[in-house]
Every structure is written in C-alpha cells, then in structure tokens.
$ cat data.pdb   # PDB, C-alpha atoms and all ligand atoms
MODEL        1
ATOM      1  CA  MET A   1      -2.131 162.196 -70.386
ATOM      2  CA  LEU A   2      -4.110 163.721 -67.587
ATOM      3  CA  GLU A   3      -1.545 166.010 -66.035
ATOM      4  CA  MET A   4      -0.902 167.692 -69.395
ATOM      5  CA  LYS A   5      -3.662 170.176 -68.458
ATOM      6  CA  ASN A   6      -1.735 171.432 -65.434
ATOM      7  CA  GLN A   7       1.484 172.090 -67.256
ATOM      8  CA  LYS A   8       2.857 175.547 -67.752
ATOM      9  CA  LYS A   9       1.580 177.194 -70.908
ATOM     10  CA  HIS A  10       4.594 179.451 -71.242
ATOM     11  CA  LEU A  11       8.071 179.471 -69.799
ATOM     12  CA  ASP A  12       9.539 182.300 -67.715
ATOM     13  CA  ALA A  13      13.193 183.386 -67.930
ATOM     14  CA  ARG A  14      14.372 181.019 -65.190
ATOM     15  CA  SER A  15      12.596 178.085 -66.814
ATOM     16  CA  ILE A  16      14.186 178.832 -70.189
ATOM     17  CA  THR A  17      17.650 179.015 -68.601
ATOM     18  CA  THR A  18      17.073 175.695 -66.809
ATOM     19  CA  MET A  19      15.768 174.071 -70.005
ATOM     20  CA  ALA A  20      18.835 175.314 -71.931
ATOM     21  CA  LEU A  21      21.223 173.842 -69.353
ATOM     22  CA  LEU A  22      19.412 170.489 -69.363
ATOM     23  CA  ILE A  23      19.363 170.435 -73.194
ATOM     24  CA  ALA A  24      23.136 171.095 -73.189
ATOM     25  CA  MET A  25      23.546 168.154 -70.786
ATOM     26  CA  MET A  26      21.469 165.941 -73.110
ATOM     27  CA  VAL A  27      23.601 166.873 -76.130
ATOM     28  CA  THR A  28      26.831 166.249 -74.181
ATOM     29  CA  LEU A  29      25.741 162.922 -72.706
ATOM     30  CA  SER A  30      24.324 161.573 -75.958
ATOM     31  CA  ARG A  31      26.890 162.849 -78.503
ATOM     32  CA  LEU A  32      30.163 163.248 -76.593
ATOM     33  CA  LEU A  33      29.987 160.828 -73.677
ATOM     34  CA  GLY A  34      27.700 158.208 -75.240
ATOM     35  CA  ILE A  35      28.709 155.066 -77.079
ATOM     36  CA  GLU A  36      27.292 154.901 -80.593
ATOM     37  CA  THR A  37      27.592 152.081 -83.087
ATOM     38  CA  GLN A  38      25.589 151.744 -86.289
ATOM     39  CA  PHE A  39      22.980 149.611 -84.583
ATOM     40  CA  LEU A  40      23.115 150.575 -80.917
ATOM     41  CA  LYS A  41      23.476 153.571 -78.683
ATOM     42  CA  ILE A  42      24.333 153.562 -74.977
ATOM     43  CA  SER A  43      24.193 156.780 -72.966
ATOM     44  CA  PHE A  44      23.091 158.474 -69.763
ATOM     45  CA  THR A  45      20.862 160.994 -71.558
ATOM     46  CA  PHE A  46      17.943 159.766 -69.471
ATOM     47  CA  ILE A  47      19.336 161.651 -66.425
ATOM     48  CA  PRO A  48      18.703 165.238 -67.693
ATOM     49  CA  GLU A  49      15.487 163.959 -69.318
ATOM     50  CA  ILE A  50      14.194 162.775 -65.929
ATOM     51  CA  ILE A  51      15.152 166.092 -64.292
ATOM     52  CA  MET A  52      13.397 168.016 -67.067
ATOM     53  CA  GLY A  53      10.412 165.671 -66.734
ATOM     54  CA  MET A  54      10.166 166.356 -62.985
ATOM     55  CA  LEU A  55      10.309 170.126 -63.471
ATOM     56  CA  PHE A  56       8.444 170.754 -66.718
ATOM     57  CA  GLY A  57       6.207 167.777 -67.524
ATOM     58  CA  SER A  58       5.750 165.643 -70.603
ATOM     59  CA  LEU A  59       5.081 168.246 -73.308
ATOM     60  CA  TRP A  60       8.094 170.484 -72.537
ATOM     61  CA  THR A  61      10.390 167.515 -71.941
ATOM     62  CA  GLY A  62       9.347 166.048 -75.311
ATOM     63  CA  ILE A  63      10.070 169.397 -76.972
ATOM     64  CA  GLY A  64      13.381 169.806 -75.090
ATOM     65  CA  SER A  65      14.529 166.322 -76.145
ATOM     66  CA  VAL A  66      13.670 167.082 -79.783
ATOM     67  CA  ILE A  67      15.693 170.323 -79.611
ATOM     68  CA  ALA A  68      18.616 168.324 -78.140
ATOM     69  CA  ASP A  69      18.314 165.847 -81.051
ATOM     70  CA  PHE A  70      18.389 168.696 -83.605
ATOM     71  CA  ILE A  71      21.368 170.422 -81.951
ATOM     72  CA  GLY A  72      23.242 167.133 -81.548
ATOM     73  CA  MET A  73      22.690 166.209 -85.197
ATOM     74  CA  ALA A  74      23.639 169.711 -86.386
ATOM     75  CA  LEU A  75      26.889 169.785 -84.377
ATOM     76  CA  PHE A  76      28.092 166.199 -84.054
ATOM     77  CA  SER A  77      26.263 164.012 -86.565
ATOM     78  CA  LYS A  78      28.019 160.818 -87.573
ATOM     79  CA  ALA A  79      25.152 159.689 -89.805
ATOM     80  CA  ALA A  80      22.383 161.120 -91.961
ATOM     81  CA  PHE A  81      19.408 162.641 -90.162
ATOM     82  CA  PHE A  82      16.523 160.213 -89.674
ATOM     83  CA  ILE A  83      13.164 161.470 -88.385
ATOM     84  CA  GLY A  84      12.436 158.232 -86.482
ATOM     85  CA  PHE A  85      15.024 159.111 -83.840
ATOM     86  CA  THR A  86      13.425 162.540 -83.433
ATOM     87  CA  ILE A  87      10.138 160.751 -82.724
ATOM     88  CA  ASN A  88      12.014 158.573 -80.190
ATOM     89  CA  ALA A  89      13.393 161.712 -78.530
ATOM     90  CA  PHE A  90       9.937 163.270 -78.186
ATOM     91  CA  LEU A  91       8.335 160.111 -76.808
ATOM     92  CA  GLU A  92      11.207 159.455 -74.411
ATOM     93  CA  GLY A  93      10.941 162.967 -72.979
ATOM     94  CA  ALA A  94       7.146 162.696 -72.791
ATOM     95  CA  ILE A  95       7.378 159.352 -70.946
ATOM     96  CA  TYR A  96       9.730 160.768 -68.278
ATOM     97  CA  GLY A  97       7.437 163.778 -67.869
ATOM     98  CA  TYR A  98       4.456 161.481 -67.503
ATOM     99  CA  PHE A  99       6.052 159.385 -64.750
ATOM    100  CA  PHE A 100       7.960 162.096 -62.834
ATOM    101  CA  TYR A 101       6.303 165.518 -63.240
ATOM    102  CA  LYS A 102       5.969 166.953 -59.708
ATOM    103  CA  LYS A 103       6.344 163.434 -58.310
ATOM    104  CA  GLU A 104       8.654 161.682 -55.919
ATOM    105  CA  ILE A 105      10.935 159.103 -57.491
ATOM    106  CA  THR A 106      10.029 155.666 -56.107
ATOM    107  CA  TRP A 107      11.035 152.128 -57.058
ATOM    108  CA  LYS A 108       7.617 151.814 -58.680
ATOM    109  CA  ASN A 109       7.815 154.767 -61.080
ATOM    110  CA  SER A 110      11.538 154.114 -61.712
ATOM    111  CA  ILE A 111      10.747 150.582 -62.893
ATOM    112  CA  GLN A 112       7.676 151.743 -64.831
ATOM    113  CA  SER A 113       9.619 154.438 -66.697
ATOM    114  CA  VAL A 114      12.477 152.072 -67.549
ATOM    115  CA  LEU A 115      10.155 149.308 -68.778
ATOM    116  CA  THR A 116       8.030 151.722 -70.832
ATOM    117  CA  THR A 117      11.012 153.341 -72.606
ATOM    118  CA  THR A 118      12.781 150.000 -73.065
ATOM    119  CA  ILE A 119       9.789 148.254 -74.615
ATOM    120  CA  LEU A 120       8.405 151.123 -76.690
ATOM    121  CA  ILE A 121      11.617 152.885 -77.768
ATOM    122  CA  ASN A 122      14.369 150.253 -77.669
ATOM    123  CA  LEU A 123      12.486 147.078 -78.571
ATOM    124  CA  ILE A 124       9.684 148.329 -80.874
ATOM    125  CA  LEU A 125      10.407 151.678 -82.544
ATOM    126  CA  THR A 126      14.209 151.636 -82.848
ATOM    127  CA  PRO A 127      14.284 148.191 -84.554
ATOM    128  CA  LEU A 128      11.745 149.565 -87.074
ATOM    129  CA  TRP A 129      13.852 152.701 -87.695
ATOM    130  CA  LEU A 130      17.079 150.702 -88.067
ATOM    131  CA  ALA A 131      15.454 148.286 -90.521
ATOM    132  CA  MET A 132      14.181 151.243 -92.563
ATOM    133  CA  MET A 133      17.405 153.262 -92.315
ATOM    134  CA  TYR A 134      19.830 150.465 -93.245
ATOM    135  CA  HIS A 135      17.485 148.397 -95.446
ATOM    136  CA  VAL A 136      17.968 145.257 -93.393
ATOM    137  CA  PRO A 137      15.178 142.802 -92.525
ATOM    138  CA  LEU A 138      13.431 143.424 -89.211
ATOM    139  CA  ASN A 139      14.496 140.000 -87.936
ATOM    140  CA  SER A 140      18.187 140.596 -88.668
ATOM    141  CA  TRP A 141      20.618 139.582 -85.902
ATOM    142  CA  LEU A 142      22.413 142.902 -86.529
ATOM    143  CA  ILE A 143      19.397 144.587 -84.967
ATOM    144  CA  TRP A 144      18.625 142.077 -82.232
ATOM    145  CA  ALA A 145      21.844 140.499 -80.930
ATOM    146  CA  PRO A 146      23.484 143.634 -79.468
ATOM    147  CA  ARG A 147      20.086 145.061 -78.483
ATOM    148  CA  LEU A 148      18.947 142.080 -76.416
ATOM    149  CA  ILE A 149      22.277 141.876 -74.613
ATOM    150  CA  LYS A 150      22.184 145.612 -73.861
ATOM    151  CA  THR A 151      18.582 145.436 -72.654
ATOM    152  CA  VAL A 152      19.254 142.686 -70.115
ATOM    153  CA  ILE A 153      22.249 144.554 -68.680
ATOM    154  CA  TRP A 154      20.787 148.046 -68.960
ATOM    155  CA  ILE A 155      17.361 147.579 -67.287
ATOM    156  CA  PRO A 156      18.815 147.088 -63.779
ATOM    157  CA  ILE A 157      21.492 149.784 -64.288
ATOM    158  CA  GLN A 158      18.983 152.395 -65.481
ATOM    159  CA  THR A 159      16.460 151.484 -62.766
ATOM    160  CA  ILE A 160      19.033 151.826 -59.970
ATOM    161  CA  ILE A 161      20.412 155.134 -61.309
ATOM    162  CA  THR A 162      16.866 156.501 -61.685
ATOM    163  CA  TYR A 163      15.942 155.545 -58.128
ATOM    164  CA  PHE A 164      19.109 156.969 -56.596
ATOM    165  CA  LEU A 165      18.676 160.191 -58.589
ATOM    166  CA  GLY A 166      15.595 160.631 -56.391
ATOM    167  CA  GLY A 167      17.884 160.593 -53.353
ATOM    168  CA  VAL A 168      20.213 163.346 -54.581
ATOM    169  CA  LEU A 169      17.770 165.768 -56.238
ATOM    170  CA  PRO A 170      16.053 168.354 -54.000
ATOM    171  CA  TYR A 171      12.738 167.669 -55.683
ATOM    172  CA  LYS A 172      10.674 168.309 -52.543
ATOM    173  CA  GLN A 173      11.927 171.903 -52.718
ATOM    174  CA  TRP A 174      11.041 172.046 -56.402
ATOM    175  CA  ILE A 175       7.505 170.833 -55.733
ATOM    176  CA  ALA A 176       7.114 173.351 -52.879
ATOM    177  CA  ARG A 177       8.328 176.119 -55.183
ATOM    178  CA  PHE A 178       5.786 175.082 -57.828
ATOM    179  CA  ASN A 179       3.025 175.258 -55.253
ATOM    180  CA  ARG A 180       4.099 178.776 -54.267
ATOM    181  CA  ALA A 181       4.462 180.024 -57.858
ATOM    182  CA  HIS A 182       1.198 178.691 -59.306
TER     183      HIS A 182
HETATM  184  N1  LIG A 201      18.759 160.893 -86.790
HETATM  185  C1  LIG A 201      18.351 161.662 -85.746
HETATM  186  N2  LIG A 201      17.344 162.528 -85.928
HETATM  187  N3  LIG A 201      18.926 161.562 -84.532
HETATM  188  C2  LIG A 201      19.946 160.693 -84.299
HETATM  189  O1  LIG A 201      20.465 160.641 -83.165
HETATM  190  C3  LIG A 201      20.422 159.880 -85.363
HETATM  191  N4  LIG A 201      21.455 159.005 -85.183
HETATM  192  C4  LIG A 201      21.843 158.257 -86.212
HETATM  193  C5  LIG A 201      21.209 158.369 -87.449
HETATM  194  N5  LIG A 201      20.200 159.237 -87.647
HETATM  195  C6  LIG A 201      19.785 159.996 -86.620
HETATM  196  C7  LIG A 201      23.000 157.348 -86.000
HETATM  197  N6  LIG A 201      22.656 155.978 -85.830
HETATM  198  C8  LIG A 201      20.691 154.073 -82.672
HETATM  199  C9  LIG A 201      21.717 153.467 -83.371
HETATM  200  C10 LIG A 201      22.367 154.116 -84.396
HETATM  201  C11 LIG A 201      21.995 155.377 -84.765
HETATM  202  C12 LIG A 201      20.971 156.010 -84.061
HETATM  203  C13 LIG A 201      20.318 155.330 -83.033
HETATM  204  C14 LIG A 201      20.014 153.348 -81.558
HETATM  205  O2  LIG A 201      20.005 152.161 -81.566
HETATM  206  N7  LIG A 201      19.444 154.092 -80.528
HETATM  207  C15 LIG A 201      18.888 153.687 -79.244
HETATM  208  C16 LIG A 201      17.491 154.132 -79.036
HETATM  209  C17 LIG A 201      17.218 155.519 -79.497
HETATM  210  C18 LIG A 201      17.058 156.564 -78.448
HETATM  211  O3  LIG A 201      17.366 156.358 -77.254
HETATM  212  O4  LIG A 201      16.586 157.637 -78.845
HETATM  213  C19 LIG A 201      19.004 152.215 -78.948
HETATM  214  O5  LIG A 201      17.980 151.526 -78.777
HETATM  215  O6  LIG A 201      20.141 151.762 -78.789
ENDMDL
END

$ encode --input "data.pdb" --output "structure tokens"
Amino acid sequence: MLEMKNQKKHLDARSITTMALLIAMMVTLSRLLGIETQFLKISFTFIPEIIMGMLFGSLWTGIGSVIADFIGMALFSKAAFFIGFTINAFLEGAIYGYFFYKKEITWKNSIQSVLTTTILINLILTPLWLAMMYHVPLNSWLIWAPRLIKTVIWIPIQTIITYFLGGVLPYKQWIARFNRAH
C-alpha cells in the first residue's frame, strides 16, 4: 500500500480524541445497534470506519477497528472470542483507509471499497471462520443461504450510504487542514 509511507507516525492529542470517539461509534453500531445471528452480522460499522479511514489511513484504521473488536468482545460478547474476526476487523479498517485516506468519496471508490470488503471479508474469510468456529462444512447452507441473500441486498445499500456520506462530511476541510499541519 503506497500511501502507507505518508501516514502519521504518531498521533497528537486531537487525533487520539477523534480516534476514541470513532471507536466508541464502532462498538455501539456493531454491538448495540447491529443485528447478530450465529452465522450473520448486519451493521453500519462501516460508517465510522470510513471516516477513520479518510482521516488516519489504513494502518491506524486497522488498529482502531481491532481495538473496537476487543472492547466490543470484552463488554458485550455473546459468543467466545475468535481471532478470525479480529483479522476481519483489521483488514476492513485497512481497506477503507486504502480507498479513502485524504480522498474524495466518488461512486468509483465507493463501489471499489464495497466490492473489496464484500468479496474478501464476507464471501471468503468469514465463511472460513464460521466453518472453523462451528465445525460445519464450508459448503453448508447455514453459511451460504443467509449470506448470499444479505450480499445481494447489502451491496447497493452500502454503496449508496458510502457515496452520500461523501456529501455530508466536510472532508475538503479535513484535507486542507492536513496540508497545513504536515
Ligand atoms: N470473535 C471476535 N474477535 N469478534 C467478534 O465479533 C466475534 N463474534 C462472534 C464470535 N467470535 C467473535 C459471534 N458470532 C459473524 C457471525 C457471527 C459471529 C461473528 C461474525 C459474521 O458473519 N460477520 C460478518 C462479517 C464480519 C465482519 O464484518 O467483521 C458477516 O459476513 O456477516
């Protein structure tokens, strides 16, 4: 990831405060306002992840998402801890950082980010984790039936929300502020 080099090496007080608020939003959206069944999760956690990605880049957003996973599991766990979902959290954060760090949100990068997370996280890694966690075969309908239905419905919803997030966030100001500060 090329832009990794330009990321902040350390965080100042304002950055830490912003990260903490976004992590709290991730925990709330994923554990309190999300829908979780044994084999499927539906939530709007991608919204604070995109904001963190725009502001802090892929490494910090990966780390922030992992911290949110740890806090969420420590406070509100409904199941045993499984490291695969921590890996998901890191990659998801890193993907949003990769597509949105210091960038405008366009239809193109909205669609790219949704397709990348959907294919890598929801259709490749999560089925592997669920098969391992529940000792079911990888081709089980328990894994695939709800997942394929969700995917078809969720891709347009997530793409539209991502794009319109670009319309409400003052990211041009954020980019200008970056250019002044660094
Ligand atoms: N272990 C850890 N570390 N974090 C968790 O959130 C977690 N959650 C469970 C068990 N161990 C955990 C509870 N069970 C899905 C379904 C059930 C589930 C956890 C995850 C699931 O299908 N998740 C998403 C993708 C994962 C993501 O967005 O990170 C999905 O594709 O629906």

$ residues_around --input "data.pdb" --residues "region 26-39 of chain A" --least-positions-apart "6" --cutoff "6 Å" --atoms "all atoms listed in the file" --output "PyMOL selection string"
chain A and resi 45+68+72

$ closest_residue --input "data.pdb" --among "A:Leu11, A:Val114, A:Leu123, A:Val152" --to "ligand LIG 201 (chain A)" --atoms "all atoms listed in the file"
A:Leu123

$ residues_near_ligand --input "data.pdb" --ligand "ligand LIG 201 (chain A)" --cutoff "7 Å" --atoms "all atoms listed in the file" --output "list in words"
Glu36, Thr37, Gln38, Phe39, Leu40, Lys41, Ile42, Asp69, Phe70, Met73, Lys78, Ala79, Ala80, Phe81, Phe82, Ile83, Gly84, Phe85, Thr86, Asn88, Ala89, Ile121, Asn122, Thr126 and Arg147 of chain A

$ write_last_selection --input "data.pdb" --atoms "C-alpha atoms" --output "short mmCIF file (atom, residue, chain, number, x, y, z; two decimals), in the coordinates of the input"
data_model
loop_
_atom_site.label_atom_id
_atom_site.label_comp_id
_atom_site.auth_asym_id
_atom_site.auth_seq_id
_atom_site.Cartn_x
_atom_site.Cartn_y
_atom_site.Cartn_z
CA GLU A 36 27.29 154.90 -80.59
CA THR A 37 27.59 152.08 -83.09
CA GLN A 38 25.59 151.74 -86.29
CA PHE A 39 22.98 149.61 -84.58
CA LEU A 40 23.12 150.57 -80.92
CA LYS A 41 23.48 153.57 -78.68
CA ILE A 42 24.33 153.56 -74.98
CA ASP A 69 18.31 165.85 -81.05
CA PHE A 70 18.39 168.70 -83.60
CA MET A 73 22.69 166.21 -85.20
CA LYS A 78 28.02 160.82 -87.57
CA ALA A 79 25.15 159.69 -89.80
CA ALA A 80 22.38 161.12 -91.96
CA PHE A 81 19.41 162.64 -90.16
CA PHE A 82 16.52 160.21 -89.67
CA ILE A 83 13.16 161.47 -88.38
CA GLY A 84 12.44 158.23 -86.48
CA PHE A 85 15.02 159.11 -83.84
CA THR A 86 13.42 162.54 -83.43
CA ASN A 88 12.01 158.57 -80.19
CA ALA A 89 13.39 161.71 -78.53
CA ILE A 121 11.62 152.88 -77.77
CA ASN A 122 14.37 150.25 -77.67
CA THR A 126 14.21 151.64 -82.85
CA ARG A 147 20.09 145.06 -78.48
#

$ closest_residue --input "data.pdb" --among "A:Ala13, A:Leu128, A:Ala94, A:Ile105" --to "Phe164 (chain A)" --atoms "all atoms listed in the file"
A:Ile105

$ axis_aligned_box --input "data.pdb" --around "region 20-30 of chain A" --padding-each-side "3 Å" --output "lines of an AutoDock Vina configuration file"
center_x = 22.8
center_y = 168.4
center_z = -72.7
size_x = 14.0
size_y = 19.7
size_z = 12.8

$ atom_distance --input "data.pdb" --atom1 "CA of Trp60 (chain A)" --atom2 "CA of Leu169 (chain A)"
19.5 Å

$ residues_around --input "data.pdb" --residues "Gly167 (chain A)" --least-positions-apart "4" --cutoff "12 Å" --atoms "all atoms listed in the file" --output "short mmCIF file (atom, residue, chain, number, x, y, z; two decimals) with C-alpha atoms, in the frame of the given file"
data_model
loop_
_atom_site.label_atom_id
_atom_site.label_comp_id
_atom_site.auth_asym_id
_atom_site.auth_seq_id
_atom_site.Cartn_x
_atom_site.Cartn_y
_atom_site.Cartn_z
CA GLU A 104 8.65 161.68 -55.92
CA ILE A 105 10.94 159.10 -57.49
CA THR A 106 10.03 155.67 -56.11
CA TRP A 107 11.04 152.13 -57.06
CA ILE A 160 19.03 151.83 -59.97
CA ILE A 161 20.41 155.13 -61.31
CA THR A 162 16.87 156.50 -61.68
CA TYR A 163 15.94 155.54 -58.13
CA TYR A 171 12.74 167.67 -55.68
CA LYS A 172 10.67 168.31 -52.54
#

$ closest_residue --input "data.pdb" --among "A:Pro127, A:Met25, A:Gly97, A:Ile51" --to "Val168 (chain A)" --atoms "all atoms listed in the file"
A:Ile51

$ decode --input "data.pdb" --residues "region 37-98 of chain A" --atoms "C-alpha atoms" --output "mmCIF file, in the first residue's frame"
data_model
loop_
_atom_site.group_PDB
_atom_site.id
_atom_site.type_symbol
_atom_site.label_atom_id
_atom_site.label_comp_id
_atom_site.auth_asym_id
_atom_site.auth_seq_id
_atom_site.Cartn_x
_atom_site.Cartn_y
_atom_site.Cartn_z
ATOM 1 C CA THR A 37 -27.170 -14.158 14.437
ATOM 2 C CA GLN A 38 -24.861 -17.146 14.781
ATOM 3 C CA PHE A 39 -23.999 -17.065 11.105
ATOM 4 C CA LEU A 40 -24.527 -13.471 10.014
ATOM 5 C CA LYS A 41 -23.983 -9.943 11.176
ATOM 6 C CA ILE A 42 -25.585 -6.800 9.753
ATOM 7 C CA SER A 43 -24.459 -3.370 10.927
ATOM 8 C CA PHE A 44 -23.483 0.156 9.947
ATOM 9 C CA THR A 45 -19.997 -0.108 11.472
ATOM 10 C CA PHE A 46 -18.543 0.766 8.080
ATOM 11 C CA ILE A 47 -19.583 4.431 8.585
ATOM 12 C CA PRO A 48 -17.100 5.297 11.406
ATOM 13 C CA GLU A 49 -14.550 3.027 9.684
ATOM 14 C CA ILE A 50 -14.773 5.119 6.501
ATOM 15 C CA ILE A 51 -14.455 8.365 8.491
ATOM 16 C CA MET A 52 -11.422 6.989 10.330
ATOM 17 C CA GLY A 53 -10.014 5.783 7.001
ATOM 18 C CA MET A 54 -10.363 9.268 5.479
ATOM 19 C CA LEU A 55 -8.643 10.939 8.433
ATOM 20 C CA PHE A 56 -5.999 8.451 9.546
ATOM 21 C CA GLY A 57 -5.258 5.999 6.725
ATOM 22 C CA SER A 58 -5.128 2.232 6.540
ATOM 23 C CA LEU A 59 -2.730 1.358 9.373
ATOM 24 C CA TRP A 60 -4.468 3.427 12.091
ATOM 25 C CA THR A 61 -7.937 2.450 10.886
ATOM 26 C CA GLY A 62 -6.931 -1.233 11.014
ATOM 27 C CA ILE A 63 -5.628 -0.735 14.556
ATOM 28 C CA GLY A 64 -8.718 1.278 15.589
ATOM 29 C CA SER A 65 -11.055 -1.434 14.265
ATOM 30 C CA VAL A 66 -9.123 -4.108 16.179
ATOM 31 C CA ILE A 67 -9.411 -2.054 19.392
ATOM 32 C CA ALA A 68 -13.177 -1.729 18.748
ATOM 33 C CA ASP A 69 -13.376 -5.534 18.318
ATOM 34 C CA PHE A 70 -11.539 -6.097 21.628
ATOM 35 C CA ILE A 71 -13.687 -3.575 23.526
ATOM 36 C CA GLY A 72 -16.897 -4.916 21.980
ATOM 37 C CA MET A 73 -15.997 -8.502 22.878
ATOM 38 C CA ALA A 74 -14.929 -7.512 26.407
ATOM 39 C CA LEU A 75 -18.149 -5.579 27.111
ATOM 40 C CA PHE A 76 -20.900 -7.195 25.053
ATOM 41 C CA SER A 77 -19.750 -10.609 23.847
ATOM 42 C CA LYS A 78 -22.486 -13.083 23.012
ATOM 43 C CA ALA A 79 -20.025 -15.753 21.877
ATOM 44 C CA ALA A 80 -16.491 -16.951 22.545
ATOM 45 C CA PHE A 81 -13.662 -14.815 21.192
ATOM 46 C CA PHE A 82 -12.415 -15.931 17.777
ATOM 47 C CA ILE A 83 -9.258 -14.390 16.299
ATOM 48 C CA GLY A 84 -10.561 -14.626 12.710
ATOM 49 C CA PHE A 85 -12.993 -11.769 13.323
ATOM 50 C CA THR A 86 -10.144 -9.658 14.703
ATOM 51 C CA ILE A 87 -8.311 -10.264 11.420
ATOM 52 C CA ASN A 88 -11.509 -9.220 9.585
ATOM 53 C CA ALA A 89 -11.639 -6.024 11.654
ATOM 54 C CA PHE A 90 -8.040 -5.114 10.809
ATOM 55 C CA LEU A 91 -8.436 -5.801 7.092
ATOM 56 C CA GLU A 92 -11.758 -3.972 6.899
ATOM 57 C CA GLY A 93 -10.253 -0.871 8.504
ATOM 58 C CA ALA A 94 -7.167 -1.115 6.285
ATOM 59 C CA ILE A 95 -9.329 -1.393 3.140
ATOM 60 C CA TYR A 96 -11.318 1.764 3.996
ATOM 61 C CA GLY A 97 -8.067 3.602 4.727
ATOM 62 C CA TYR A 98 -6.648 2.450 1.417
#
